[in-house]
>>> print(open('coords-v9.csv').read())   # CSV, C-alpha atoms and all ligand atoms
chain,number,residue,atom,x,y,z
P,136,MET,CA,98.9,112.8,33.3
P,137,ASN,CA,99.9,109.7,35.1
P,138,TYR,CA,98.8,108.9,38.7
P,139,GLN,CA,102.1,110.0,40.3
P,140,THR,CA,102.1,113.3,38.5
P,141,GLN,CA,98.4,113.8,39.6
P,142,ARG,CA,99.4,113.2,43.2
P,143,LEU,CA,102.3,115.6,42.9
P,144,VAL,CA,100.1,118.4,41.5
P,145,GLN,CA,97.5,117.7,44.3
P,146,ALA,CA,100.2,117.9,47.0
P,147,VAL,CA,101.7,121.2,45.6
P,148,THR,CA,98.2,122.7,45.3
P,149,THR,CA,97.3,121.7,48.9
P,150,MET,CA,100.6,123.3,50.1
P,151,MET,CA,100.0,126.5,48.2
P,152,VAL,CA,96.4,126.8,49.6
P,153,MET,CA,97.8,126.2,53.2
P,154,VAL,CA,100.6,128.8,52.8
P,155,PHE,CA,98.6,131.5,51.0
P,156,GLY,CA,95.5,130.8,53.0
P,157,ALA,CA,97.4,131.3,56.3
P,158,GLY,CA,98.9,134.4,54.8
P,159,MET,CA,95.4,135.8,54.2
P,160,ILE,CA,93.9,134.7,57.5
P,161,ARG,CA,96.7,136.2,59.7
P,162,PRO,CA,96.3,139.9,58.5
P,163,LEU,CA,92.5,139.4,58.9
P,164,MET,CA,93.0,138.3,62.5
P,165,PHE,CA,95.2,141.3,63.2
P,166,GLN,CA,92.6,143.5,61.5
P,167,LEU,CA,90.0,142.1,63.8
P,168,ALA,CA,92.2,142.6,66.8
P,169,SER,CA,93.0,146.2,65.9
P,170,HIS,CA,89.3,147.0,65.8
P,171,VAL,CA,88.8,146.2,69.5
P,172,ARG,CA,87.2,149.3,71.0
P,173,THR,CA,88.0,149.9,74.7
P,174,GLU,CA,86.0,152.1,77.0
P,175,ARG,CA,86.7,153.4,80.5
P,176,THR,CA,83.7,152.8,82.7
P,177,THR,CA,82.6,151.3,86.0
P,178,THR,CA,81.3,147.8,86.7
P,179,ASP,CA,77.7,149.0,87.6
P,180,LYS,CA,77.3,150.6,84.2
P,181,ILE,CA,78.0,147.3,82.3
P,182,ILE,CA,76.1,144.8,84.5
P,183,ASP,CA,73.5,144.0,81.8
P,184,ASP,CA,76.3,143.5,79.2
P,185,LEU,CA,78.2,141.3,81.6
P,186,GLU,CA,75.0,139.2,82.0
P,187,ARG,CA,74.5,139.0,78.2
P,188,THR,CA,78.2,138.0,77.8
P,189,TRP,CA,77.7,135.3,80.5
P,190,HIS,CA,74.9,133.7,78.5
P,191,ARG,CA,76.9,134.0,75.2
P,192,ILE,CA,80.0,132.3,76.5
P,193,ALA,CA,78.6,129.8,79.1
P,194,PRO,CA,78.3,127.0,76.5
P,195,ASP,CA,82.0,127.2,75.6
P,196,ILE,CA,83.6,124.4,77.7
P,197,SER,CA,87.2,125.2,76.7
P,198,MET,CA,89.6,125.6,79.8
P,199,ARG,CA,90.3,129.2,78.7
P,200,MET,CA,86.6,130.2,78.6
P,201,GLN,CA,85.8,128.4,81.8
P,202,SER,CA,88.5,130.5,83.6
P,203,ALA,CA,87.2,133.6,81.9
P,204,LEU,CA,83.7,132.6,83.1
P,205,GLY,CA,85.0,132.3,86.7
P,206,ILE,CA,86.4,135.9,86.4
P,207,LEU,CA,83.1,137.1,84.9
P,208,LYS,CA,81.3,135.6,87.9
P,209,ASN,CA,83.7,137.4,90.3
P,210,ILE,CA,83.2,140.7,88.6
P,211,MET,CA,79.4,140.3,88.7
P,212,GLY,CA,79.5,139.2,92.4
P,213,TYR,CA,82.1,141.3,94.1
P,214,TYR,CA,82.7,144.5,92.2
P,215,TYR,CA,79.9,147.0,92.5
P,216,GLU,CA,81.1,150.4,91.3
P,217,GLU,CA,84.8,149.7,90.5
P,218,PRO,CA,86.6,151.4,87.7
P,219,CYS,CA,87.1,149.1,84.7
P,220,ILE,CA,88.0,149.0,81.0
P,221,ALA,CA,85.4,147.3,78.8
P,222,ALA,CA,86.4,145.9,75.4
P,223,TRP,CA,83.7,145.9,72.7
P,224,ASP,CA,83.2,144.1,69.4
P,225,ASN,CA,80.3,146.1,68.0
P,226,SER,CA,77.7,145.8,70.9
P,227,ASN,CA,79.2,142.6,72.3
P,228,LEU,CA,81.2,143.0,75.5
P,229,ILE,CA,84.3,140.8,74.8
P,230,GLY,CA,86.6,141.6,77.6
P,231,VAL,CA,87.0,143.4,80.9
P,232,ALA,CA,89.8,144.7,83.1
P,233,VAL,CA,88.9,145.8,86.6
P,234,TYR,CA,91.4,147.9,88.5
P,235,GLU,CA,92.0,150.0,91.6
P,236,SER,CA,94.1,153.2,91.9
P,237,GLY,CA,95.8,153.7,95.2
P,238,TYR,CA,98.6,155.5,97.0
P,239,ASP,CA,101.2,153.6,99.0
P,240,LYS,CA,102.0,155.9,102.0
P,241,ASP,CA,105.0,153.9,103.1
P,242,ARG,CA,106.7,154.1,99.7
P,243,GLY,CA,105.2,157.5,98.7
P,244,ILE,CA,104.0,156.2,95.3
P,245,ARG,CA,100.8,155.9,93.4
P,246,TYR,CA,99.9,152.5,91.9
P,247,ILE,CA,97.3,150.7,89.9
P,248,ALA,CA,96.3,147.2,91.0
P,249,LEU,CA,94.8,145.1,88.3
P,250,LYS,CA,92.0,143.1,90.1
P,251,GLU,CA,90.5,141.1,87.2
P,252,LEU,CA,91.3,140.6,83.6
P,253,ALA,CA,89.5,138.4,81.0
P,254,SER,CA,88.9,138.1,77.4
P,255,PHE,CA,85.5,136.5,76.6
P,256,THR,CA,86.3,135.7,73.0
P,257,HIS,CA,88.9,133.7,71.0
P,258,MET,CA,89.7,136.8,69.0
P,259,PRO,CA,93.4,137.7,69.6
P,260,GLY,CA,94.6,141.0,71.0
P,261,VAL,CA,91.8,141.7,73.5
P,262,GLY,CA,93.9,141.1,76.6
P,263,LYS,CA,96.7,143.2,75.2
P,264,ALA,CA,94.3,146.1,74.2
P,265,LEU,CA,92.8,146.1,77.8
P,266,VAL,CA,96.2,146.2,79.4
P,267,ALA,CA,97.3,149.0,77.0
P,268,GLU,CA,94.4,151.1,78.2
P,269,VAL,CA,95.2,150.4,81.9
P,270,ILE,CA,98.8,151.6,81.2
P,271,LYS,CA,97.3,154.8,79.7
P,272,VAL,CA,95.3,155.3,82.9
P,273,ALA,CA,98.5,154.6,85.0
P,274,LYS,CA,100.4,157.3,83.0
P,275,GLU,CA,97.6,159.8,83.4
P,276,GLU,CA,97.4,159.2,87.1
P,277,ASN,CA,101.2,159.4,87.5
P,278,ALA,CA,101.3,155.9,88.9
P,279,ASP,CA,104.6,154.3,89.5
P,280,ASN,CA,103.6,150.7,88.7
P,281,ILE,CA,100.8,148.3,87.8
P,282,SER,CA,100.5,145.1,89.8
P,283,VAL,CA,98.6,141.9,89.3
P,284,ALA,CA,98.2,138.6,91.1
P,285,SER,CA,98.7,136.5,88.0
P,286,ALA,CA,97.0,133.2,87.4
P,287,PRO,CA,99.7,130.6,86.5
P,288,GLU,CA,98.4,130.1,83.0
P,289,ALA,CA,98.5,133.9,82.4
P,290,ARG,CA,102.1,134.5,83.5
P,291,LYS,CA,103.6,134.2,80.0
P,292,PHE,CA,101.0,136.7,78.7
P,293,TYR,CA,101.9,139.3,81.4
P,294,GLU,CA,105.7,138.6,80.9
P,295,GLY,CA,105.2,139.4,77.2
P,296,LEU,CA,103.8,142.7,78.1
P,297,GLY,CA,106.7,143.6,80.4
P,298,PHE,CA,105.4,142.5,83.8
P,299,ARG,CA,108.0,140.9,86.0
P,300,LYS,CA,107.7,138.8,89.2
P,301,ASP,CA,107.9,141.2,92.3
P,302,THR,CA,110.5,139.5,94.6
P,303,ARG,CA,109.7,141.9,97.5
P,304,TYR,CA,106.4,140.1,98.1
P,305,MET,CA,107.7,136.7,99.2
P,306,GLY,CA,104.3,135.6,100.6
P,307,GLU,CA,102.6,136.4,97.2
P,308,PRO,CA,104.6,134.5,94.6
P,309,SER,CA,102.0,135.2,91.9
P,310,LEU,CA,102.4,138.9,92.1
P,311,MET,CA,103.7,140.6,88.9
P,312,VAL,CA,104.5,144.2,88.4
P,313,LEU,CA,105.0,146.5,85.5
P,314,LYS,CA,107.0,149.6,86.1
P,315,VAL,CA,105.3,152.6,84.3
P,316,PRO,CA,108.0,154.3,82.2
P,317,LYS,CA,108.8,157.7,83.9
P,318,ALA,CA,109.8,159.6,80.8
P,319,GLU,CA,106.4,159.0,79.1
P,320,LYS,CA,104.2,159.8,82.2
E,401,LIG,C1,95.0,136.0,79.8
E,401,LIG,C2,94.0,136.6,78.8
E,401,LIG,C3,93.3,137.8,79.4
E,401,LIG,C4,94.8,137.0,77.6
E,401,LIG,O1,94.0,137.7,76.6
E,401,LIG,P1,94.1,137.4,75.1
E,401,LIG,O2,93.2,138.3,74.4
E,401,LIG,O3,94.0,135.9,74.8
E,401,LIG,O4,95.6,137.8,74.8
E,401,LIG,P2,96.2,138.6,73.5
E,401,LIG,O5,95.7,137.9,72.3
E,401,LIG,O6,96.0,140.0,73.7
E,401,LIG,O7,97.7,138.2,73.7
E,401,LIG,C5,98.8,139.1,73.7
E,401,LIG,C6,100.1,138.3,73.6
E,401,LIG,O8,100.2,137.4,74.6
E,401,LIG,C7,100.3,136.1,74.2
E,401,LIG,N1,99.6,135.2,75.0
E,401,LIG,C8,98.3,135.3,75.4
E,401,LIG,N2,97.9,134.4,76.3
E,401,LIG,C9,99.0,133.6,76.5
E,401,LIG,C10,99.3,132.5,77.3
E,401,LIG,N3,98.4,131.9,78.0
E,401,LIG,N4,100.6,132.0,77.3
E,401,LIG,C11,101.6,132.6,76.5
E,401,LIG,N5,101.3,133.7,75.7
E,401,LIG,C12,100.1,134.2,75.7
E,401,LIG,C13,99.7,136.1,72.8
E,401,LIG,O9,100.2,135.1,71.9
E,401,LIG,C14,100.1,137.5,72.3
E,401,LIG,O10,101.5,137.5,71.8
E,401,LIG,P3,102.0,138.4,70.6
E,401,LIG,O11,101.7,139.9,71.1
E,401,LIG,O12,103.4,138.1,70.5
E,401,LIG,O13,101.1,138.1,69.5
E,401,LIG,C15,93.0,135.5,78.3
E,401,LIG,O14,93.7,134.4,77.8
E,401,LIG,C16,92.0,135.1,79.3
E,401,LIG,O15,90.9,135.8,79.5
E,401,LIG,N6,92.2,134.0,80.0
E,401,LIG,C17,91.3,133.5,81.0
E,401,LIG,C18,91.2,134.3,82.2
E,401,LIG,C19,92.6,134.6,82.9
E,401,LIG,O16,93.4,133.7,83.1
E,401,LIG,N7,92.8,135.9,83.2
E,401,LIG,C20,94.0,136.4,83.9
E,401,LIG,C21,93.8,136.4,85.3
E,401,LIG,S1,95.2,137.1,86.2
>>> encode(input="coords-v9.csv", output="structure tokens", more="lines below")
Ligand SMILES: CC(C)(COP(=O)(O)OP(=O)(O)OC[C@H]1O[C@@H](n2cnc3c(N)ncnc32)[C@H](O)[C@@H]1OP(=O)(O)O)[C@@H](O)C(=O)NCCC(=O)NCCS
Amino acid sequence: MNYQTQRLVQAVTTMMVMVFGAGMIRPLMFQLASHVRTERTTTDKIIDDLERTWHRIAPDISMRMQSALGILKNIMGYYYEEPCIAAWDNSNLIGVAVYESGYDKDRGIRYIALKELASFTHMPGVGKALVAEVIKVAKEENADNISVASAPEARKFYEGLGFRKDTRYMGEPSLMVLKVPKAEK
């Protein structure tokens, strides 16, 4: 085999490894994501887990983890017995959604306000699994909508899940709302 043929075989082999390798990794990622276990709880019941998560992710200096750390700090500092959804990977707390259920007297509707949401891992699907559980809560509570004051970098994530900018709140441009489908309530 001459040198050029050798290079060609090498290039084809590398391409095959990349294509088939990616094909094997992608289902594995989805498999991992689909194994995220969510649990309805309150912030006071997971305080030790929040602290363990803090120590686990603090060394990760990526922008994404630093903003997740900020949210974790808020949850530990400001929310004492709030309802929340915890996401678990075995015994590791890998995500939290803190929410509030309320009734808007003026509009005569029930609502859910998503106060904090963060995934503390690079595993995909955690944010989506947390929001899916909040939607279930909203349906059970006959809520009309779910609102969130979205961080700019999370806007696309919420849009992908069906949230839209709420134009009624001109003073709060970051507010996004998901209408809870009536037929499925
Ligand atoms: C925002 C956050 C909770 C999303 O959680 P996640 O587990 O990374 O998101 P998921 O993997 O469930 O993503 C669901 C979908 O949204 C997309 N998505 C996630 N983050 C995105 C982003 N920043 N921009 C565009 N799309 C995004 C994913 O690609 C995925 O799309 P798909 O369903 O077509 O595959 C997470 O990135 C996070 O904790 N960020 C830091 C804290 C933060 O900003 N929280 C929001 C405060 S309002």
>>> atom_distance(input="coords-v9.csv", atom1="atom O5 of ligand LIG 401 (chain E)", atom2="atom CA of P:Arg175")
19.7 Å
>>> atom_distance(input="coords-v9.csv", atom1="atom C2 of ligand LIG 401 (chain E)", atom2="atom CA of P:Arg245")
25.1 Å
>>> closest_atom_pairs(input="coords-v9.csv", of="chain P", to="ligand LIG 401 (chain E)", cutoff="7 Å", atoms="only C-alpha atoms and all ligand atoms", output="tab-separated table")
residue	atom	partner	partner_atom	distance
P:Arg199	CA	E:LIG401	C17	5.0
P:Met200	CA	E:LIG401	C17	6.2
P:Ser202	CA	E:LIG401	C17	4.9
P:Ala203	CA	E:LIG401	C18	4.1
P:Ile206	CA	E:LIG401	C18	6.6
P:Glu251	CA	E:LIG401	C21	6.0
P:Leu252	CA	E:LIG401	N7	4.9
P:Ala253	CA	E:LIG401	O15	3.3
P:Ser254	CA	E:LIG401	O15	3.7
P:Phe255	CA	E:LIG401	O15	6.2
P:His257	CA	E:LIG401	O3	6.7
P:Met258	CA	E:LIG401	O2	6.6
P:Pro259	CA	E:LIG401	O5	3.6
P:Gly260	CA	E:LIG401	O6	3.2
P:Val261	CA	E:LIG401	O2	3.8
P:Gly262	CA	E:LIG401	O1	3.4
P:Lys263	CA	E:LIG401	O6	3.6
P:Ala264	CA	E:LIG401	O6	6.4
P:Val283	CA	E:LIG401	S1	6.6
P:Ala284	CA	E:LIG401	S1	5.9
P:Ser285	CA	E:LIG401	S1	4.0
P:Ala286	CA	E:LIG401	S1	4.5
P:Glu288	CA	E:LIG401	N3	5.3
P:Ala289	CA	E:LIG401	N3	4.8
P:Arg290	CA	E:LIG401	N4	6.9
P:Lys291	CA	E:LIG401	C11	4.3
P:Phe292	CA	E:LIG401	C12	4.0
P:Gly295	CA	E:LIG401	O8	6.0
>>> closest_atom_pairs(input="coords-v9.csv", of="stretch 225-279 of chain P", to="stretch 176-191 of chain P", cutoff="10 Å", atoms="all atoms listed in the file", output="CSV")
residue,atom,partner,partner_atom,distance
P:Ser226,CA,P:Asp184,CA,8.7
P:Asn227,CA,P:Thr188,CA,7.2
P:Leu228,CA,P:Asp184,CA,6.2
P:Ile229,CA,P:Thr188,CA,7.4
P:Gly230,CA,P:Thr188,CA,9.1
P:Val231,CA,P:Leu185,CA,9.1
P:Ala232,CA,P:Thr178,CA,9.7
P:Val233,CA,P:Thr178,CA,7.9
P:Tyr234,CA,P:Thr177,CA,9.8
P:Phe255,CA,P:Thr188,CA,7.5
P:Thr256,CA,P:Thr188,CA,9.7
>>> atom_distance(input="coords-v9.csv", atom1="atom CA of P:Ala221", atom2="atom CA of P:Arg299")
24.6 Å
